[in-house]
Structures are given as structure tokens and as C-alpha cells.
file coords-v8.cif (mmCIF, C-alpha atoms, pLDDT in the B column; chains and numbers go by the auth columns)
data_input
#
loop_
_atom_site.group_PDB
_atom_site.id
_atom_site.type_symbol
_atom_site.label_atom_id
_atom_site.label_comp_id
_atom_site.label_asym_id
_atom_site.label_seq_id
_atom_site.Cartn_x
_atom_site.Cartn_y
_atom_site.Cartn_z
_atom_site.B_iso_or_equiv
_atom_site.auth_seq_id
_atom_site.auth_asym_id
ATOM 1 C CA MET A 1 -15.813 4.652 4.560 85.00 1 A
ATOM 2 C CA ARG A 2 -16.005 3.317 0.987 91.00 2 A
ATOM 3 C CA TYR A 3 -16.885 -0.100 2.388 91.00 3 A
ATOM 4 C CA TRP A 4 -19.979 1.183 4.198 93.00 4 A
ATOM 5 C CA ALA A 5 -20.972 3.510 1.353 96.00 5 A
ATOM 6 C CA TYR A 6 -20.940 0.540 -1.029 96.00 6 A
ATOM 7 C CA PHE A 7 -23.076 -1.457 1.424 96.00 7 A
ATOM 8 C CA ALA A 8 -25.549 1.428 1.768 97.00 8 A
ATOM 9 C CA ALA A 9 -25.733 1.793 -2.023 97.00 9 A
ATOM 10 C CA LYS A 10 -26.527 -1.918 -2.433 97.00 10 A
ATOM 11 C CA VAL A 11 -29.246 -1.699 0.230 97.00 11 A
ATOM 12 C CA VAL A 12 -30.802 1.424 -1.343 98.00 12 A
ATOM 13 C CA VAL A 13 -30.840 -0.049 -4.858 98.00 13 A
ATOM 14 C CA ALA A 14 -32.306 -3.354 -3.679 98.00 14 A
ATOM 15 C CA GLY A 15 -34.853 -1.555 -1.477 97.00 15 A
ATOM 16 C CA ALA A 16 -35.977 0.664 -4.354 98.00 16 A
ATOM 17 C CA ALA A 17 -36.330 -2.312 -6.708 98.00 17 A
ATOM 18 C CA LEU A 18 -38.277 -4.356 -4.163 97.00 18 A
ATOM 19 C CA TYR A 19 -40.504 -1.417 -3.252 97.00 19 A
ATOM 20 C CA GLY A 20 -41.219 -0.857 -6.948 97.00 20 A
ATOM 21 C CA LEU A 21 -42.124 -4.534 -7.255 97.00 21 A
ATOM 22 C CA LEU A 22 -44.543 -4.203 -4.318 94.00 22 A
ATOM 23 C CA VAL A 23 -46.163 -1.104 -5.855 94.00 23 A
ATOM 24 C CA LEU A 24 -46.487 -2.956 -9.165 95.00 24 A
ATOM 25 C CA LEU A 25 -48.044 -5.907 -7.352 93.00 25 A
ATOM 26 C CA ASN A 26 -50.628 -3.638 -5.680 90.00 26 A
ATOM 27 C CA ARG A 27 -51.479 -1.886 -8.961 90.00 27 A
ATOM 28 C CA VAL A 28 -51.743 -4.972 -11.139 90.00 28 A
ATOM 29 C CA TRP A 29 -53.778 -7.049 -8.694 86.00 29 A
ATOM 30 C CA PRO A 30 -57.480 -6.338 -9.091 80.00 30 A
ATOM 31 C CA PRO A 31 -59.120 -4.668 -6.077 74.00 31 A
ATOM 32 C CA ALA A 32 -61.713 -6.539 -4.089 68.00 32 A
ATOM 33 C CA PRO A 33 -65.343 -5.926 -5.061 65.00 33 A
ATOM 34 C CA ARG A 34 -67.412 -3.609 -2.898 63.00 34 A
ATOM 35 C CA PHE A 35 -70.299 -4.900 -0.948 61.00 35 A
ATOM 36 C CA SER A 36 -73.726 -3.329 -1.255 60.00 36 A
ATOM 37 C CA PRO A 37 -73.180 0.438 -1.402 63.00 37 A
ATOM 38 C CA ARG A 38 -76.646 1.014 0.009 67.00 38 A
ATOM 39 C CA PHE A 39 -75.737 -0.039 3.546 66.00 39 A
ATOM 40 C CA TYR A 40 -71.995 0.506 3.866 67.00 40 A
ATOM 41 C CA SER A 41 -68.990 0.883 1.652 68.00 41 A
ATOM 42 C CA TYR A 42 -66.639 -1.580 3.309 66.00 42 A
ATOM 43 C CA ILE A 43 -63.823 -2.955 1.167 68.00 43 A
ATOM 44 C CA PRO A 44 -62.254 -6.033 2.752 69.00 44 A
ATOM 45 C CA PRO A 45 -58.444 -6.131 2.838 75.00 45 A
ATOM 46 C CA ARG A 46 -56.840 -8.256 0.152 81.00 46 A
ATOM 47 C CA PHE A 47 -54.079 -9.658 2.364 82.00 47 A
ATOM 48 C CA GLY A 48 -55.368 -12.630 4.307 79.00 48 A
ATOM 49 C CA TYR A 49 -58.676 -12.884 2.433 80.00 49 A
ATOM 50 C CA ASP A 50 -57.520 -13.258 -1.155 82.00 50 A
ATOM 51 C CA LEU A 51 -55.403 -16.391 -1.421 88.00 51 A
ATOM 52 C CA GLY A 52 -53.668 -15.400 -4.664 88.00 52 A
ATOM 53 C CA PHE A 53 -52.689 -11.953 -3.393 90.00 53 A
ATOM 54 C CA THR A 54 -51.502 -13.385 -0.064 92.00 54 A
ATOM 55 C CA LEU A 55 -49.356 -15.937 -1.922 95.00 55 A
ATOM 56 C CA ALA A 56 -47.897 -13.184 -4.141 94.00 56 A
ATOM 57 C CA VAL A 57 -47.021 -11.075 -1.067 94.00 57 A
ATOM 58 C CA LEU A 58 -45.438 -14.154 0.552 96.00 58 A
ATOM 59 C CA ILE A 59 -43.256 -14.686 -2.534 97.00 59 A
ATOM 60 C CA TRP A 60 -42.334 -10.967 -2.496 97.00 60 A
ATOM 61 C CA PHE A 61 -41.409 -11.229 1.204 97.00 61 A
ATOM 62 C CA LEU A 62 -39.229 -14.293 0.602 98.00 62 A
ATOM 63 C CA LEU A 63 -37.539 -12.505 -2.307 98.00 63 A
ATOM 64 C CA SER A 64 -36.907 -9.466 -0.077 98.00 64 A
ATOM 65 C CA THR A 65 -35.473 -11.593 2.729 98.00 65 A
ATOM 66 C CA GLY A 66 -33.252 -13.531 0.320 97.00 66 A
ATOM 67 C CA THR A 67 -31.999 -10.294 -1.230 98.00 67 A
ATOM 68 C CA ALA A 68 -31.109 -8.851 2.188 97.00 68 A
ATOM 69 C CA TYR A 69 -29.301 -12.073 3.147 96.00 69 A
ATOM 70 C CA PHE A 70 -27.322 -12.090 -0.118 97.00 70 A
ATOM 71 C CA ILE A 71 -26.327 -8.420 0.283 97.00 71 A
ATOM 72 C CA ILE A 72 -25.003 -9.019 3.812 94.00 72 A
ATOM 73 C CA TRP A 73 -23.270 -12.280 2.832 93.00 73 A
ATOM 74 C CA ASP A 74 -21.605 -10.625 -0.162 94.00 74 A
ATOM 75 C CA GLN A 75 -20.457 -7.643 1.908 94.00 75 A
ATOM 76 C CA ARG A 76 -18.756 -9.844 4.524 90.00 76 A
ATOM 77 C CA TYR A 77 -16.407 -11.326 1.943 91.00 77 A
ATOM 78 C CA ARG A 78 -15.233 -8.069 0.356 93.00 78 A
ATOM 79 C CA CYS A 79 -11.955 -6.247 0.922 92.00 79 A
ATOM 80 C CA ARG A 80 -12.388 -3.256 3.255 89.00 80 A
ATOM 81 C CA VAL A 81 -10.092 -1.114 1.053 88.00 81 A
ATOM 82 C CA CYS A 82 -10.644 -1.949 -2.632 90.00 82 A
ATOM 83 C CA LEU A 83 -14.078 -3.673 -2.358 91.00 83 A
ATOM 84 C CA ARG A 84 -12.954 -6.678 -4.423 92.00 84 A
ATOM 85 C CA ARG A 85 -14.051 -10.170 -3.396 92.00 85 A
ATOM 86 C CA LEU A 86 -11.647 -11.881 -0.997 91.00 86 A
ATOM 87 C CA ARG A 87 -9.896 -14.897 -2.476 90.00 87 A
ATOM 88 C CA MET A 88 -7.837 -17.951 -1.645 89.00 88 A
ATOM 89 C CA PRO A 89 -9.475 -19.472 1.457 90.00 89 A
ATOM 90 C CA ILE A 90 -6.882 -21.239 3.593 89.00 90 A
ATOM 91 C CA GLU A 91 -7.848 -23.561 6.427 87.00 91 A
ATOM 92 C CA THR A 92 -5.646 -23.296 9.511 84.00 92 A
ATOM 93 C CA GLY A 93 -5.753 -25.259 12.746 81.00 93 A
ATOM 94 C CA SER A 94 -7.002 -28.749 13.362 80.00 94 A
ATOM 95 C CA TRP A 95 -9.687 -30.302 15.541 79.00 95 A
ATOM 96 C CA SER A 96 -7.392 -33.190 16.475 81.00 96 A
ATOM 97 C CA ARG A 97 -4.558 -30.799 17.452 80.00 97 A
ATOM 98 C CA MET A 98 -6.637 -27.966 18.813 77.00 98 A
ATOM 99 C CA LEU A 99 -4.432 -27.453 21.895 78.00 99 A
ATOM 100 C CA GLN A 100 -1.334 -27.038 19.720 77.00 100 A
ATOM 101 C CA PHE A 101 -2.627 -25.045 16.765 73.00 101 A
ATOM 102 C CA GLY A 102 -5.913 -23.588 18.002 75.00 102 A
ATOM 103 C CA ARG A 103 -9.416 -23.992 16.699 79.00 103 A
ATOM 104 C CA PRO A 104 -9.815 -24.381 12.943 85.00 104 A
ATOM 105 C CA ARG A 105 -10.175 -21.103 11.085 87.00 105 A
ATOM 106 C CA ILE A 106 -10.557 -20.050 7.502 90.00 106 A
ATOM 107 C CA GLU A 107 -8.491 -17.138 6.240 91.00 107 A
ATOM 108 C CA TYR A 108 -9.358 -15.152 3.128 92.00 108 A
ATOM 109 C CA ILE A 109 -6.945 -12.630 1.630 91.00 109 A
ATOM 110 C CA CYS A 110 -7.251 -9.685 -0.696 89.00 110 A
ATOM 111 C CA ALA A 111 -5.416 -10.488 -3.911 87.00 111 A
ATOM 112 C CA TYR A 112 -3.882 -6.991 -3.855 85.00 112 A
ATOM 113 C CA GLY A 113 -2.479 -7.347 -0.332 83.00 113 A
ATOM 114 C CA HIS A 114 -4.801 -4.988 1.547 87.00 114 A
ATOM 115 C CA GLY A 115 -5.672 -7.380 4.359 88.00 115 A
ATOM 116 C CA THR A 116 -6.786 -10.749 5.677 90.00 116 A
ATOM 117 C CA LEU A 117 -10.172 -11.902 6.965 90.00 117 A
ATOM 118 C CA LYS A 118 -10.037 -14.637 9.606 89.00 118 A
ATOM 119 C CA GLU A 119 -13.217 -16.398 10.672 88.00 119 A
ATOM 120 C CA ASP A 120 -13.888 -19.521 12.706 84.00 120 A
ATOM 121 C CA GLU A 121 -14.697 -22.655 10.754 81.00 121 A
ATOM 122 C CA LEU A 122 -17.395 -23.602 13.241 78.00 122 A
ATOM 123 C CA GLN A 123 -19.014 -21.176 15.648 72.00 123 A
ATOM 124 C CA ILE A 124 -19.645 -23.069 18.859 73.00 124 A
ATOM 125 C CA SER A 125 -20.117 -20.328 21.423 73.00 125 A
ATOM 126 C CA GLY A 126 -22.482 -18.096 19.485 70.00 126 A
ATOM 127 C CA LEU A 127 -21.973 -15.525 16.796 72.00 127 A
ATOM 128 C CA GLU A 128 -18.372 -14.350 16.644 76.00 128 A
ATOM 129 C CA ASN A 129 -17.386 -11.581 14.302 80.00 129 A
ATOM 130 C CA PRO A 130 -14.701 -12.327 11.733 81.00 130 A
ATOM 131 C CA GLU A 131 -11.404 -10.569 12.314 83.00 131 A
ATOM 132 C CA TRP A 132 -10.143 -8.199 9.595 85.00 132 A
ATOM 133 C CA THR A 133 -6.396 -7.589 9.716 84.00 133 A
ATOM 134 C CA PRO A 134 -5.188 -4.759 7.463 86.00 134 A
ATOM 135 C CA HIS A 135 -1.712 -5.073 5.951 80.00 135 A
ATOM 136 C CA SER A 136 0.746 -2.250 5.491 72.00 136 A
ATOM 137 C CA ASP A 137 1.207 -0.612 2.127 67.00 137 A
ATOM 138 C CA ASP A 138 4.629 -2.186 1.651 65.00 138 A
ATOM 139 C CA LEU A 139 3.897 -5.862 1.001 59.00 139 A
ATOM 140 C CA TRP A 140 7.581 -6.761 0.512 63.00 140 A
ATOM 141 C CA ASP A 141 8.474 -5.408 3.917 66.00 141 A
ATOM 142 C CA GLU A 142 6.013 -7.811 5.543 60.00 142 A
ATOM 143 C CA LEU A 143 7.174 -10.769 3.462 60.00 143 A
ATOM 144 C CA CYS A 144 10.860 -10.172 4.195 68.00 144 A
ATOM 145 C CA ALA A 145 10.288 -9.565 7.922 63.00 145 A
ATOM 146 C CA SER A 146 10.126 -13.311 8.658 61.00 146 A
ATOM 147 C CA SER A 147 13.577 -13.932 7.121 62.00 147 A
ATOM 148 C CA LYS A 148 15.349 -11.276 9.188 62.00 148 A
ATOM 149 C CA GLU A 149 16.943 -11.911 12.556 64.00 149 A
ATOM 150 C CA PRO A 150 15.043 -10.468 15.545 62.00 150 A
ATOM 151 C CA GLY A 151 17.674 -7.824 16.324 60.00 151 A
ATOM 152 C CA GLU A 152 18.664 -7.013 12.758 59.00 152 A
ATOM 153 C CA GLN A 153 17.851 -3.553 11.423 59.00 153 A
ATOM 154 C CA PRO A 154 17.279 -2.821 7.713 54.00 154 A
#
call {"tool": "encode", "arguments": {"input": "coords-v8.cif", "output": "C-alpha cells"}}
result
Amino acid sequence: MRYWAYFAAKVVVAGAALYGLLVLLNRVWPPAPRFSPRFYSYIPPRFGYDLGFTLAVLIWFLLSTGTAYFIIWDQRYRCRVCLRRLRMPIETGSWSRMLQFGRPRIEYICAYGHGTLKEDELQISGLENPEWTPHSDDLWDELCASSKEPGEQP
């Protein structure tokens, strides 16, 4: 729940800042002059007719799109429990030995032992979601499990 609340907070803050920038852009930019008020009071739209305003809106749109991309990219590489950035990328698998070891993957871990994020190195068959594997609270129990015999009880 904290993970999604943090994501929503980032989206709301960025949305408010970008909306404020758009309002500032509309206030600062001078309005188009009116045509003859005797016949009609038509004010042409600024977007599409005023090259400077259209260029400013294009830059604002690119900034908005880049901000949304960065927010999503940053959120993917955060721990689902403590919200810290995932560290220590480890490459597993091999293209030359794909039948033995599987397709190459990159694994990121939380430095505090909360979990592991596994994602494919290259996505061939479309968009595949990365796999988050949570770890138990007792890190030493997981580390010592590989050294025990299969039938041995603690």
C-alpha cells in the first residue's frame, strides 16, 4: 500500500507543478488582438495560429511526457516495502547457453533484504512484467537454508 501511495503522491505533485506551469504560460503569454469590434468579436485561438505559443505548449507537453516517464521508471526500481532504490544488478543466464541456464535476466535486490526484482534483459515477445519476489523477515534463515540437508530439521 505504501508503494502505491508513494507513486500517487509523485503523480499528484508533478501534475500540480505542470498544471501550474501551464496556467502561468497562459497568463504570461499576451492574448491575441481582437478583430474589428464593429462586425464581430471573434478572438482566434492562440494554439495553432501563434507560432511562439504553439512552440511553448509543445515544450510544456514534452516536459510533461518526460516527467511521467521518469516517475514510472523510478517507481519500477524501488523496493515494494521500504521504497528505497533497488541496488546491485546481477546478470544471470547466457544467450550462448540459453537451454541450460535460461534467458538472460537482470536481478536487483533491496539492500535491506526485503525482496528481489527479476526482469528480462531483452524483451522479445512483447512487454513482460518484472517479477518481484518478497523475502521473509528472517534473512539468516534463507541464507542458511542452502547449507542444510534436504531432510534436516532445525
call {"tool": "closest_atom_pairs", "arguments": {"input": "coords-v8.cif", "of": "segment 79-99 of chain A", "to": "segment 3-8 of chain A", "cutoff": "10 Å", "atoms": "only C-alpha atoms", "output": "Markdown table"}}
result
| residue | atom | partner | partner_atom | distance |
| --- | --- | --- | --- | --- |
| A:Cys79 | CA | A:Tyr3 | CA | 8.0 |
| A:Arg80 | CA | A:Tyr3 | CA | 5.6 |
| A:Val81 | CA | A:Tyr3 | CA | 7.0 |
| A:Cys82 | CA | A:Tyr3 | CA | 8.2 |
| A:Leu83 | CA | A:Tyr3 | CA | 6.6 |
call {"tool": "resolve_selection", "arguments": {"input": "coords-v8.cif", "expression": "the PyMOL selection byres ((chain A and resi 130) around 9)", "output": "PyMOL selection string"}}
result
chain A and resi 76+117-120+128-129+131-132
call {"tool": "atom_distance", "arguments": {"input": "coords-v8.cif", "atom1": "atom CA of Ile71 of chain A", "atom2": "atom CA of Val11 of chain A"}}
result
7.3 Å
call {"tool": "axis_aligned_box", "arguments": {"input": "coords-v8.cif", "around": "segment 66-71 of chain A", "padding_each_side": "3 Å", "output": "lines of an AutoDock Vina configuration file"}}
result
center_x = -29.8
center_y = -11.0
center_z = 1.0
size_x = 12.9
size_y = 11.1
size_z = 10.4
call {"tool": "closest_residue", "arguments": {"input": "coords-v8.cif", "among": "A:Arg87, A:Leu63, A:Trp29, A:Ser94", "to": "Phe47 of chain A", "atoms": "all atoms listed in the file"}}
result
A:Trp29
